[in-house]
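**Student:** Coordinates in start-v6.cif, mmCIF, C-alpha atoms and all ligand atoms, are listed below.
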data_entry
loop_
_atom_site.label_atom_id
_atom_site.label_comp_id
_atom_site.auth_asym_id
_atom_site.auth_seq_id
_atom_site.Cartn_x
_atom_site.Cartn_y
_atom_site.Cartn_z
CA MET A 1 18.20 39.51 -120.24
CA ASN A 2 14.49 38.74 -119.83
CA GLY A 3 13.05 41.41 -117.58
CA ASP A 4 9.50 40.46 -118.60
CA ARG A 5 10.01 36.95 -117.18
CA ASP A 6 11.16 38.50 -113.88
CA ILE A 7 8.09 40.71 -113.74
CA ARG A 8 5.73 37.86 -114.68
CA ALA A 9 7.14 35.78 -111.86
CA THR A 10 6.64 38.49 -109.24
CA PRO A 11 2.92 38.87 -108.42
CA ASP A 12 3.58 41.48 -105.71
CA LEU A 13 5.29 43.69 -108.25
CA ARG A 14 2.43 43.32 -110.71
CA ASN A 15 -0.13 44.08 -108.00
CA LEU A 16 1.77 47.21 -107.06
CA ALA A 17 1.92 48.25 -110.73
CA ALA A 18 -1.81 47.56 -111.16
CA ARG A 19 -2.61 49.77 -108.16
CA GLU A 20 -0.44 52.58 -109.52
CA MET A 21 -2.08 52.30 -112.93
CA ALA A 22 -5.52 52.51 -111.35
CA ALA A 23 -4.46 55.65 -109.47
CA ALA A 24 -3.12 57.18 -112.69
CA PHE A 25 -5.86 56.23 -115.14
CA ARG A 26 -9.08 55.44 -113.22
CA SER A 27 -12.14 57.63 -113.67
CA PRO A 28 -14.99 57.90 -111.13
CA ILE A 29 -17.48 58.82 -113.85
CA ILE A 30 -16.58 55.72 -115.84
CA ASP A 31 -17.00 53.61 -112.69
CA HIS A 32 -20.41 55.22 -112.25
CA LEU A 33 -21.41 54.47 -115.85
CA ARG A 34 -20.33 50.84 -115.53
CA ARG A 35 -22.63 50.51 -112.54
CA HIS A 36 -25.54 52.27 -114.30
CA ASP A 37 -25.98 50.52 -117.62
CA PHE A 38 -23.41 52.75 -119.40
CA GLU A 39 -25.84 55.67 -119.61
CA ILE A 40 -26.39 59.09 -118.01
CA ARG A 41 -29.49 61.21 -118.72
CA SER A 42 -30.33 64.71 -117.66
CA GLY A 43 -32.72 67.20 -119.25
CA GLU A 44 -32.47 66.94 -123.01
CA THR A 45 -29.15 65.08 -122.99
CA THR A 46 -28.38 61.39 -122.88
CA ILE A 47 -24.78 60.15 -122.92
CA ARG A 48 -24.26 56.48 -123.79
CA LEU A 49 -20.90 54.83 -123.33
CA ALA A 50 -19.96 51.81 -125.46
CA ALA A 51 -20.03 48.56 -123.49
CA GLU A 52 -16.47 47.76 -124.62
CA PHE A 53 -13.99 50.59 -124.89
CA GLY A 54 -10.54 51.71 -123.81
CA PHE A 55 -7.51 49.69 -122.74
CA CYS A 56 -7.42 46.21 -124.30
CA TYR A 57 -5.68 43.29 -122.60
CA GLY A 58 -2.47 43.83 -124.60
CA VAL A 59 -2.18 47.52 -123.78
CA ASP A 60 -3.12 46.95 -120.16
CA ARG A 61 -0.31 44.41 -119.81
CA ALA A 62 2.25 46.56 -121.65
CA VAL A 63 1.57 49.58 -119.44
CA GLU A 64 1.53 47.45 -116.29
CA TYR A 65 4.96 46.04 -117.20
CA ALA A 66 6.28 49.55 -117.75
CA PHE A 67 5.09 50.58 -114.28
CA ALA A 68 6.50 47.37 -112.77
CA ALA A 69 9.86 47.90 -114.50
CA ARG A 70 10.37 51.15 -112.61
CA HIS A 71 10.28 49.17 -109.34
CA ARG A 72 12.07 46.07 -110.59
CA PHE A 73 15.03 48.06 -111.91
CA PRO A 74 15.39 51.07 -109.60
CA GLY A 75 18.23 53.39 -110.52
CA ARG A 76 18.64 51.90 -114.00
CA ARG A 77 17.74 53.73 -117.17
CA ILE A 78 14.65 52.37 -118.93
CA TRP A 79 13.99 52.95 -122.61
CA ILE A 80 11.04 52.20 -124.90
CA THR A 81 11.59 51.47 -128.59
CA GLY A 82 9.02 54.05 -129.71
CA GLU A 83 5.61 54.89 -128.24
CA ILE A 84 4.52 52.09 -125.91
CA ILE A 85 0.99 52.58 -127.23
CA HIS A 86 -0.61 55.23 -129.40
CA ASN A 87 -1.88 57.51 -126.67
CA PRO A 88 -0.16 60.79 -125.79
CA ARG A 89 -1.56 60.88 -122.22
CA VAL A 90 -0.11 57.46 -121.37
CA ASN A 91 3.20 58.18 -123.05
CA ARG A 92 3.46 61.49 -121.19
CA HIS A 93 2.85 59.68 -117.90
CA LEU A 94 5.67 57.22 -118.62
CA ASP A 95 7.91 60.10 -119.57
CA GLU A 96 7.16 61.71 -116.20
CA MET A 97 8.13 58.42 -114.53
CA GLY A 98 11.55 58.80 -116.13
CA ILE A 99 11.04 56.21 -118.88
CA ARG A 100 12.73 57.42 -122.05
CA PHE A 101 11.60 57.06 -125.64
CA LEU A 102 13.99 56.01 -128.38
CA PRO A 103 13.68 57.53 -131.84
CA SER A 104 11.71 55.35 -134.25
CA CYS A 105 13.73 56.34 -137.37
CA GLY A 106 17.32 55.82 -138.39
CA SER A 107 19.72 52.88 -138.38
CA LEU A 108 19.83 50.61 -135.34
CA GLU A 109 23.17 52.17 -134.27
CA GLU A 110 21.68 55.66 -134.52
CA ARG A 111 18.46 54.78 -132.71
CA PHE A 112 20.18 52.97 -129.83
CA ARG A 113 23.22 55.24 -129.58
CA GLU A 114 22.34 56.42 -126.07
CA VAL A 115 21.56 52.97 -124.65
CA THR A 116 24.40 51.61 -122.57
CA PRO A 117 25.12 48.24 -120.91
CA GLY A 118 22.94 47.84 -117.81
CA ASP A 119 20.06 49.77 -119.35
CA VAL A 120 16.61 48.24 -119.68
CA VAL A 121 14.73 48.26 -123.01
CA LEU A 122 10.94 47.88 -123.21
CA ILE A 123 9.38 46.43 -126.37
CA PRO A 124 5.87 47.84 -126.92
CA ALA A 125 2.61 45.87 -127.29
CA PHE A 126 2.79 45.94 -131.09
CA GLY A 127 6.24 44.33 -131.04
CA ALA A 128 9.56 45.15 -132.65
CA ARG A 129 11.09 44.25 -136.01
CA ALA A 130 13.09 41.04 -136.03
CA PRO A 131 16.47 42.72 -136.78
CA GLU A 132 15.87 45.21 -133.95
CA MET A 133 15.14 42.39 -131.52
CA ALA A 134 18.25 40.48 -132.66
CA TYR A 135 20.35 43.63 -132.20
CA LEU A 136 19.08 44.14 -128.63
CA VAL A 137 19.69 40.51 -127.68
CA ASP A 138 23.14 40.65 -129.22
CA LYS A 139 24.00 43.75 -127.19
CA GLY A 140 22.93 41.98 -124.00
CA TYR A 141 20.51 44.64 -122.81
CA GLU A 142 17.85 43.77 -120.25
CA ILE A 143 14.75 43.36 -122.43
CA ILE A 144 11.16 43.63 -121.26
CA ASP A 145 9.13 42.30 -124.14
CA THR A 146 5.45 43.30 -123.89
CA THR A 147 4.52 42.16 -127.42
CA CYS A 148 0.85 41.22 -127.23
CA GLY A 149 -0.07 37.53 -127.54
CA SER A 150 -2.48 38.36 -130.37
CA VAL A 151 0.36 39.95 -132.34
CA LEU A 152 2.52 36.87 -131.69
CA ASN A 153 -0.32 34.79 -133.11
CA VAL A 154 -0.14 36.76 -136.39
CA TRP A 155 3.61 36.23 -136.49
CA LYS A 156 3.14 32.50 -136.04
CA ARG A 157 0.77 32.44 -139.05
CA VAL A 158 2.98 34.38 -141.41
CA ARG A 159 6.07 32.41 -140.43
CA GLN A 160 4.18 29.22 -141.25
CA TYR A 161 3.07 30.67 -144.61
CA ALA A 162 6.70 31.52 -145.40
CA ALA A 163 7.92 28.07 -144.39
CA ASP A 164 5.28 26.47 -146.65
CA GLY A 165 6.19 28.65 -149.65
CA PHE A 166 3.13 30.95 -149.45
CA THR A 167 3.44 34.72 -149.88
CA SER A 168 1.80 36.54 -146.96
CA VAL A 169 -0.80 39.08 -148.04
CA ILE A 170 -1.30 41.29 -145.01
CA HIS A 171 -4.28 43.63 -144.61
CA GLY A 172 -2.68 46.54 -142.79
CA LYS A 173 -0.73 49.76 -143.07
CA TYR A 174 2.80 48.99 -144.19
CA ASP A 175 4.23 51.89 -142.17
CA HIS A 176 2.45 50.92 -138.93
CA GLU A 177 4.86 49.49 -136.32
CA GLU A 178 2.89 46.26 -135.93
CA THR A 179 2.68 45.53 -139.65
CA ALA A 180 6.34 46.44 -140.17
CA ALA A 181 7.22 43.95 -137.42
CA THR A 182 4.97 41.30 -138.99
CA CYS A 183 6.66 41.79 -142.38
CA SER A 184 10.05 41.38 -140.71
CA GLN A 185 8.87 38.05 -139.30
CA VAL A 186 8.11 36.83 -142.82
CA LEU A 187 11.65 37.65 -143.89
CA SER A 188 13.26 36.14 -140.81
CA ALA A 189 11.19 32.92 -140.97
CA CYS A 190 13.06 31.65 -144.01
CA SER A 191 15.39 33.04 -146.63
CA ASP A 192 12.61 32.75 -149.20
CA GLY A 193 9.84 34.58 -147.29
CA LYS A 194 7.71 37.09 -149.25
CA TYR A 195 4.97 39.52 -148.32
CA LEU A 196 2.63 42.11 -149.77
CA VAL A 197 0.64 44.59 -147.67
CA VAL A 198 -2.79 45.74 -148.88
CA ARG A 199 -4.26 48.75 -147.16
CA ASP A 200 -7.94 48.38 -147.92
CA LEU A 201 -10.59 46.61 -149.97
CA ARG A 202 -9.93 48.78 -153.01
CA GLU A 203 -6.29 47.67 -153.14
CA ALA A 204 -7.32 44.05 -152.58
CA GLU A 205 -9.82 44.24 -155.46
CA GLU A 206 -7.12 45.64 -157.70
CA LEU A 207 -4.78 42.82 -156.69
CA ALA A 208 -7.55 40.25 -157.26
CA ASP A 209 -8.18 41.63 -160.73
CA ARG A 210 -4.47 41.37 -161.60
CA ILE A 211 -4.36 37.78 -160.31
CA VAL A 212 -7.40 36.74 -162.37
CA ARG A 213 -6.04 38.40 -165.54
CA ASP A 214 -2.48 37.28 -164.78
CA ASP A 215 -1.41 40.83 -165.58
CA PHE A 216 1.08 42.51 -163.28
CA ALA A 217 2.15 45.42 -165.47
CA GLY A 218 2.80 48.46 -163.26
CA PHE A 219 2.55 46.35 -160.07
CA ARG A 220 5.80 47.67 -158.58
CA GLU A 221 4.80 51.31 -158.93
CA ARG A 222 1.30 50.65 -157.63
CA PHE A 223 2.37 48.78 -154.50
CA ALA A 224 5.70 50.55 -153.97
CA ALA A 225 7.13 50.05 -150.45
CA ALA A 226 4.36 47.57 -149.57
CA TYR A 227 6.04 44.34 -150.68
CA SER A 228 9.25 42.45 -149.99
CA LEU A 229 11.99 43.34 -152.44
CA GLU A 230 12.38 39.80 -153.73
CA LEU A 231 8.72 39.45 -154.60
CA ASP A 232 8.11 38.74 -158.26
CA PRO A 233 4.33 39.06 -158.66
CA GLU A 234 4.22 36.77 -161.67
CA LYS A 235 5.81 33.94 -159.69
CA HIS A 236 5.09 34.58 -156.05
CA LEU A 237 1.39 35.40 -156.03
CA SER A 238 0.40 31.91 -157.12
CA LYS A 239 0.31 30.80 -153.48
CA ILE A 240 -0.94 33.35 -150.98
CA GLY A 241 -1.77 33.27 -147.27
CA LEU A 242 -3.83 36.02 -145.68
CA ALA A 243 -3.29 37.74 -142.33
CA ASN A 244 -4.14 41.14 -140.92
CA GLN A 245 -2.82 43.84 -138.67
CA THR A 246 -4.76 43.08 -135.48
CA THR A 247 -6.49 46.45 -135.37
CA MET A 248 -8.00 46.68 -138.84
CA LEU A 249 -11.69 46.95 -139.64
CA GLU A 250 -13.00 43.45 -139.09
CA SER A 251 -15.68 43.62 -141.83
CA GLU A 252 -13.13 44.90 -144.35
CA SER A 253 -10.62 42.14 -143.50
CA ARG A 254 -13.32 39.53 -144.09
CA ALA A 255 -14.31 41.16 -147.39
CA ILE A 256 -10.63 41.20 -148.50
CA GLN A 257 -10.34 37.55 -147.65
CA GLU A 258 -13.38 36.72 -149.77
CA VAL A 259 -12.29 38.85 -152.75
CA LEU A 260 -8.88 37.18 -152.87
CA ARG A 261 -10.31 33.69 -152.24
CA ARG A 262 -12.62 34.15 -155.26
CA ALA A 263 -9.77 35.44 -157.41
CA MET A 264 -7.55 32.46 -156.59
CA SER A 265 -10.43 30.08 -157.19
CA GLU A 266 -11.12 31.66 -160.57
CA ARG A 267 -7.47 31.58 -161.53
CA TYR A 268 -6.52 28.09 -160.31
CA GLY A 269 -9.87 26.29 -159.98
CA GLU A 270 -11.93 25.66 -156.84
CA ALA A 271 -10.68 22.07 -156.65
CA ASN A 272 -7.07 23.31 -156.37
CA LEU A 273 -7.75 26.19 -153.98
CA ALA A 274 -6.09 24.64 -150.91
CA GLU A 275 -2.78 24.52 -152.79
CA HIS A 276 -2.97 28.23 -153.64
CA PHE A 277 -4.88 30.01 -150.89
CA ARG A 278 -4.86 30.06 -147.09
CA ALA A 279 -6.56 32.45 -144.73
CA PHE A 280 -6.72 33.02 -141.05
CA ASP A 281 -8.54 35.83 -139.32
CA THR A 282 -5.97 37.58 -137.13
CA ILE A 283 -8.07 40.53 -135.98
CA CYS A 284 -7.79 40.37 -132.18
CA SER A 285 -10.86 39.82 -130.01
CA ALA A 286 -10.42 43.17 -128.24
CA THR A 287 -10.60 45.00 -131.59
CA GLU A 288 -13.69 43.00 -132.59
CA ASP A 289 -15.37 43.71 -129.24
CA ARG A 290 -14.78 47.46 -129.51
CA GLN A 291 -16.06 47.60 -133.11
CA ARG A 292 -19.13 45.52 -132.22
CA ALA A 293 -19.88 47.81 -129.24
CA VAL A 294 -19.97 50.84 -131.56
CA ARG A 295 -22.38 49.05 -133.90
CA ASP A 296 -24.55 48.20 -130.86
CA LEU A 297 -24.63 51.87 -129.82
CA LEU A 298 -25.66 52.87 -133.34
CA ALA A 299 -28.37 50.21 -133.37
CA ARG A 300 -29.80 51.56 -130.09
CA GLY A 301 -29.99 55.04 -131.61
CA ILE A 302 -27.62 57.95 -131.07
CA ASP A 303 -27.46 61.36 -132.74
CA ARG A 304 -23.69 61.75 -132.80
CA MET A 305 -20.59 59.95 -131.65
CA VAL A 306 -17.41 61.04 -129.91
CA VAL A 307 -14.44 58.67 -130.24
CA VAL A 308 -11.52 59.36 -127.90
CA GLY A 309 -8.03 58.17 -128.79
CA GLY A 310 -4.62 59.12 -130.14
CA PHE A 311 -4.80 60.74 -133.58
CA ASN A 312 -2.21 58.16 -134.75
CA SER A 313 -4.12 55.19 -133.30
CA SER A 314 -5.22 52.78 -136.02
CA ASN A 315 -7.91 51.00 -134.01
CA THR A 316 -9.42 54.34 -132.88
CA GLY A 317 -9.64 55.48 -136.51
CA HIS A 318 -11.62 52.34 -137.38
CA LEU A 319 -14.14 53.05 -134.61
CA VAL A 320 -14.64 56.51 -136.15
CA GLU A 321 -15.05 54.90 -139.58
CA ILE A 322 -17.81 52.58 -138.34
CA ALA A 323 -19.69 55.36 -136.52
CA SER A 324 -19.40 57.90 -139.32
CA ARG A 325 -21.34 55.65 -141.69
CA SER A 326 -24.46 56.35 -139.62
CA VAL A 327 -24.02 59.56 -137.60
CA PRO A 328 -21.66 62.55 -137.37
CA ALA A 329 -18.57 61.18 -135.60
CA PHE A 330 -15.80 63.20 -133.96
CA HIS A 331 -12.34 61.76 -133.28
CA ILE A 332 -10.72 63.67 -130.43
CA GLU A 333 -7.57 63.00 -128.42
CA SER A 334 -8.81 64.32 -125.10
CA ALA A 335 -11.36 66.59 -123.38
CA GLU A 336 -9.21 69.60 -124.30
CA CYS A 337 -10.38 69.13 -127.90
CA ILE A 338 -13.95 69.99 -126.84
CA GLU A 339 -13.83 73.78 -126.81
CA SER A 340 -17.58 74.43 -126.54
CA ALA A 341 -20.94 73.22 -127.85
CA ASP A 342 -20.04 75.06 -131.01
CA ALA A 343 -16.38 74.11 -131.54
CA ILE A 344 -14.52 70.81 -131.35
CA ARG A 345 -11.03 69.98 -132.58
CA ALA A 346 -11.47 66.65 -134.34
CA LYS A 347 -9.64 64.53 -136.89
CA PRO A 348 -11.66 63.70 -139.98
CA LEU A 349 -11.14 60.24 -141.52
CA GLY A 350 -7.83 60.23 -143.37
CA GLY A 351 -7.17 63.91 -142.65
CA ASP A 352 -5.45 66.13 -140.12
CA PRO A 353 -7.25 67.51 -137.05
CA ILE A 354 -9.42 70.57 -137.77
CA LEU A 355 -11.73 72.84 -135.83
CA VAL A 356 -15.34 71.77 -136.51
CA ARG A 357 -18.14 74.25 -135.85
CA GLY A 358 -21.69 73.46 -134.77
CA TRP A 359 -20.86 69.91 -133.76
CA LEU A 360 -23.36 69.74 -130.88
CA PRO A 361 -26.64 71.52 -131.67
CA PRO A 362 -29.10 72.56 -128.96
CA GLY A 363 -32.22 70.51 -128.25
CA PRO A 364 -32.59 66.82 -127.44
CA GLN A 365 -29.36 64.92 -128.08
CA THR A 366 -28.19 61.37 -127.49
CA ILE A 367 -24.41 61.29 -127.65
CA GLY A 368 -22.49 58.04 -127.97
CA ILE A 369 -18.93 57.86 -126.69
CA THR A 370 -16.14 55.33 -126.85
CA GLY A 371 -12.37 55.12 -126.58
CA GLY A 372 -9.78 53.24 -128.64
CA ALA A 373 -7.84 50.29 -127.25
CA SER A 374 -5.02 52.55 -126.07
CA THR A 375 -7.18 55.19 -124.35
CA PRO A 376 -7.23 55.14 -120.54
CA ASP A 377 -10.52 55.50 -118.62
CA SER A 378 -9.38 58.85 -117.22
CA VAL A 379 -9.22 60.39 -120.72
CA VAL A 380 -12.63 59.02 -121.78
CA GLY A 381 -14.08 60.03 -118.40
CA ARG A 382 -12.79 63.58 -118.61
CA SER A 383 -14.28 63.88 -122.12
CA ILE A 384 -17.68 62.78 -120.77
CA GLU A 385 -17.44 65.34 -117.97
CA ARG A 386 -16.62 68.04 -120.49
CA ILE A 387 -19.70 67.18 -122.58
CA MET A 388 -21.80 67.23 -119.39
CA GLU A 389 -20.41 70.66 -118.52
CA ILE A 390 -21.24 72.21 -121.88
CA ARG A 391 -24.70 70.63 -121.93
CA GLY A 392 -25.40 71.99 -118.42
CA MET A 393 -25.78 68.54 -116.91
CA PRO A 394 -25.22 68.30 -113.17
CA VAL A 395 -21.63 67.35 -112.70
CA LEU A 396 -20.26 65.56 -110.79
CA ARG A 397 -19.53 65.29 -107.17
CA SER A 398 -22.72 63.41 -106.38
CA ILE A 399 -22.23 61.12 -109.35
CA SER A 400 -18.60 60.46 -108.57
CA SER A 401 -19.40 59.21 -105.11
CA SER A 402 -22.55 57.22 -105.98
S1 LIG W 1 -5.35 45.82 -129.96
FE1 LIG W 1 -5.38 43.56 -129.79
S2 LIG W 1 -3.40 42.91 -130.60
FE2 LIG W 1 -3.22 45.10 -130.18
S3 LIG W 1 -2.40 45.19 -128.09
FE3 LIG W 1 -4.63 45.25 -127.92
S4 LIG W 1 -5.27 43.11 -127.58
FE4 LIG W 1 -3.18 43.08 -128.40
#
Show how you would write the structure in this file as structure tokens.

**Tutor:**
Amino acid sequence: MNGDRDIRATPDLRNLAAREMAAAFRSPIIDHLRRHDFEIRSGETTIRLAAEFGFCYGVDRAVEYAFAARHRFPGRRIWITGEIIHNPRVNRHLDEMGIRFLPSCGSLEERFREVTPGDVVLIPAFGARAPEMAYLVDKGYEIIDTTCGSVLNVWKRVRQYAADGFTSVIHGKYDHEETAATCSQVLSACSDGKYLVVRDLREAEELADRIVRDDFAGFRERFAAAYSLELDPEKHLSKIGLANQTTMLESESRAIQEVLRRAMSERYGEANLAEHFRAFDTICSATEDRQRAVRDLLARGIDRMVVVGGFNSSNTGHLVEIASRSVPAFHIESAECIESADAIRAKPLGGDPILVRGWLPPGPQTIGITGGASTPDSVVGRSIERIMEIRGMPVLRSISSS
């Protein structure tokens, strides 16, 4: 029933999985950069790699458990309840290992129709919704739960809010797997649990304004699909507890917290605030580290930034958002997106991927590069090599072995 416990208790298996992961996702150029102050220079080009980038501890563990599962349960079918992480390269690798992906839409019966007794089901790093978990336990499948500890920490907070009669206000994307799972925890914590998801500071300011004016006309249309059905804004927003999807923009989460704290203070009085408002920063440390590393790169001076990660990766998108405030920033999924010095296939903020022309002009250039928390070294490394190729920098055999 608890395949993750089995794997945790078997160091040899985990070591084997770690070695296989290194073989699959290591990059000699990244190793070189780590040994050389995260920088390569040649001619008119400098490439600077962020000091914190790529696989976070939660993703690393989830992927390691997937590799270990293949050995722990030979001959048995292994399924994942959706993408294990938001990176196509990693998901393709698991697919090649024979690990199968379950559809993410439909009723539980429809989604798990092909799973049979004896099969193994992997829960990804961002967790699963409470009813889905209950269904899997009820069916008696072998479950490998790789839900990240930082996500579990958010769940603990919102469950406590629900138990204490506070409505959880969650900074996140209501259709993101992690936030959907967090919302389900609110509902499963107690029969009276309520939540509202706010996507960004603008939505939080609008909510704050409604709270201060005690005016919720049009609330349901405005926040459609982002709140629990039982939530009556006139009654249930008098006590709110804040949490966030772990991968949101740290600065924005803090600003949202402050905006809503002020609104509750104005509405109920500073002296009564503790009875009406709670907050806890649930951005994970890996997300904070990666965002801070981008700001550090910008502070050191770069001309443009390349951010490598799945186009559907929330944390990668936030790295692009930070960089694009200061320099042209290009969100790519892999080296294949870099067609030439003239053309790159990149995803603009909030849009679909497009072909951008003239992204890398001739002349002196310092290019910053980073990868989201679900991007393996091999994908970031290959992107660096591609930039080196098109800038005529000496690649790579000598570097790779140095
Ligand atoms: S981004 Fe943070 S919460 Fe999400 S898997 Fe990584 S470490 Fe865990």

**Student:** Which value, in Å to one decimal, gives the distance between CA of Asp192 (chain A) and CA of Asn244 (chain A)?

**Tutor:**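 Atom-to-atom, CA of Asp192 (chain A) to CA of Asn244 (chain A), that is 20.5 Å.
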
**Student:** Could you give me the residues within 6 Å of ligand LIG 1 (chain W), counting only C-alpha atoms and all ligand atoms, as a list in words?

**Tutor:** Cys56, Tyr57, Gly58, Val59, Ala125, Cys148, Ser150, Val151, Thr246, Thr247, Cys284, Ala286, Thr287 and Ala373 of chain A

**Student:** Which polymer residues have any atom within 8 Å of an atom of Gly43 (chain A), counting all atoms listed in the file, with same-chain residues fewer than 2 positions away left out, as a PyMOL selection string?

**Tutor:** chain A and resi 41+45+393

**Student:** Report as a list in words all protein, DNA and RNA residues lying within 6 Å of region 365-371 of chain A, evaluated on all atoms listed in the file, omitting residues in the same chain fewer than 5 positions from it.

**Tutor:**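 Non-adjacent residues within range: Thr45, Thr46, Ile47, Arg48, Leu49, Ala50, Phe53, Gly54, Ile302, Asp303, Arg304, Met305, Val306, Val307, Val308 and Gly309 of chain A.
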
**Student:** Residues near Ile170 (chain A), anyone? I mean within 10 Å using only C-alpha atoms, not counting same-chain ones fewer than 3 positions away, as a ChimeraX atom specification.

**Tutor:** /A:154,158,167,173-174,179,182-183,195-199,226-227,240-245,253,256,282

**Student:** So how far away is CA of His276 (chain A) from CA of Arg210 (chain A), in Å?

**Tutor:**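 Rounded to one decimal, the two atoms are 15.4 Å apart.
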
**Student:** Given the point (12.4, 47.2, -121.5) in the coordinates of this file, which residues lie within 9 Å, counting all atoms listed in the file, and how would they look as a tab-separated table (two decimals) with C-alpha atoms, keeping the file's coordinate frame?

**Tutor:**
chain	number	residue	atom	x	y	z
A	2	ASN	CA	14.49	38.74	-119.83
A	3	GLY	CA	13.05	41.41	-117.58
A	4	ASP	CA	9.50	40.46	-118.60
A	65	TYR	CA	4.96	46.04	-117.20
A	66	ALA	CA	6.28	49.55	-117.75
A	69	ALA	CA	9.86	47.90	-114.50
A	78	ILE	CA	14.65	52.37	-118.93
A	79	TRP	CA	13.99	52.95	-122.61
A	80	ILE	CA	11.04	52.20	-124.90
A	81	THR	CA	11.59	51.47	-128.59
A	119	ASP	CA	20.06	49.77	-119.35
A	120	VAL	CA	16.61	48.24	-119.68
A	121	VAL	CA	14.73	48.26	-123.01
A	122	LEU	CA	10.94	47.88	-123.21
A	123	ILE	CA	9.38	46.43	-126.37
A	124	PRO	CA	5.87	47.84	-126.92
A	141	TYR	CA	20.51	44.64	-122.81
A	142	GLU	CA	17.85	43.77	-120.25
A	143	ILE	CA	14.75	43.36	-122.43
A	144	ILE	CA	11.16	43.63	-121.26
A	145	ASP	CA	9.13	42.30	-124.14
A	146	THR	CA	5.45	43.30	-123.89

**Student:** Got a sec: who's within 9 Å of region 98-101 of chain A, counting all atoms listed in the file, leaving out chain neighbours fewer than 2 positions off, as an MDAnalysis selection string?

**Tutor:** chainID A and resid 66 70 77:84 91 93:96 103:104

**Student:** Please tabulate, as JSON lines, the residues of region 62-152 of chain A that come within 12 Å of region 25-36 of chain A, each with its closest pair of atoms and the distance in Å to one decimal, counting all atoms listed in the file and ordering rows by chain, then residue number upward.

**Tutor:**
{"residue": "A:Val63", "atom": "CA", "partner": "A:Phe25", "partner_atom": "CA", "distance": 10.9}
{"residue": "A:Glu64", "atom": "CA", "partner": "A:Phe25", "partner_atom": "CA", "distance": 11.5}
{"residue": "A:Arg89", "atom": "CA", "partner": "A:Phe25", "partner_atom": "CA", "distance": 9.5}
{"residue": "A:Val90", "atom": "CA", "partner": "A:Phe25", "partner_atom": "CA", "distance": 8.6}
{"residue": "A:His93", "atom": "CA", "partner": "A:Phe25", "partner_atom": "CA", "distance": 9.8}

**Student:** Report, in Å to a single decimal, how far apart CA of Phe223 (chain A) and CA of Glu266 (chain A) are.

**Tutor:**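 Straight-line distance from CA of Glu266 (chain A) to CA of Phe223 (chain A) works out to 22.6 Å.
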
**Student:** How would you write as a PDB file with C-alpha atoms, in the coordinates of the input the residues that get within 10 Å of (-3.2, 61.7, -131.5) in the file's frame, counting only C-alpha atoms?

**Tutor:**
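Saved as selection.pdb:
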ATOM      1  CA  HIS A  86      -0.610  55.230-129.400  1.00  0.00           C
ATOM      2  CA  ASN A  87      -1.880  57.510-126.670  1.00  0.00           C
ATOM      3  CA  PRO A  88      -0.160  60.790-125.790  1.00  0.00           C
ATOM      4  CA  ARG A  89      -1.560  60.880-122.220  1.00  0.00           C
ATOM      5  CA  VAL A 308     -11.520  59.360-127.900  1.00  0.00           C
ATOM      6  CA  GLY A 309      -8.030  58.170-128.790  1.00  0.00           C
ATOM      7  CA  GLY A 310      -4.620  59.120-130.140  1.00  0.00           C
ATOM      8  CA  PHE A 311      -4.800  60.740-133.580  1.00  0.00           C
ATOM      9  CA  ASN A 312      -2.210  58.160-134.750  1.00  0.00           C
ATOM     10  CA  SER A 313      -4.120  55.190-133.300  1.00  0.00           C
ATOM     11  CA  THR A 316      -9.420  54.340-132.880  1.00  0.00           C
ATOM     12  CA  HIS A 331     -12.340  61.760-133.280  1.00  0.00           C
ATOM     13  CA  ILE A 332     -10.720  63.670-130.430  1.00  0.00           C
ATOM     14  CA  GLU A 333      -7.570  63.000-128.420  1.00  0.00           C
ATOM     15  CA  SER A 334      -8.810  64.320-125.100  1.00  0.00           C
ATOM     16  CA  LYS A 347      -9.640  64.530-136.890  1.00  0.00           C
ATOM     17  CA  ASP A 352      -5.450  66.130-140.120  1.00  0.00           C
ATOM     18  CA  PRO A 353      -7.250  67.510-137.050  1.00  0.00           C
TER      19      PRO A 353
END
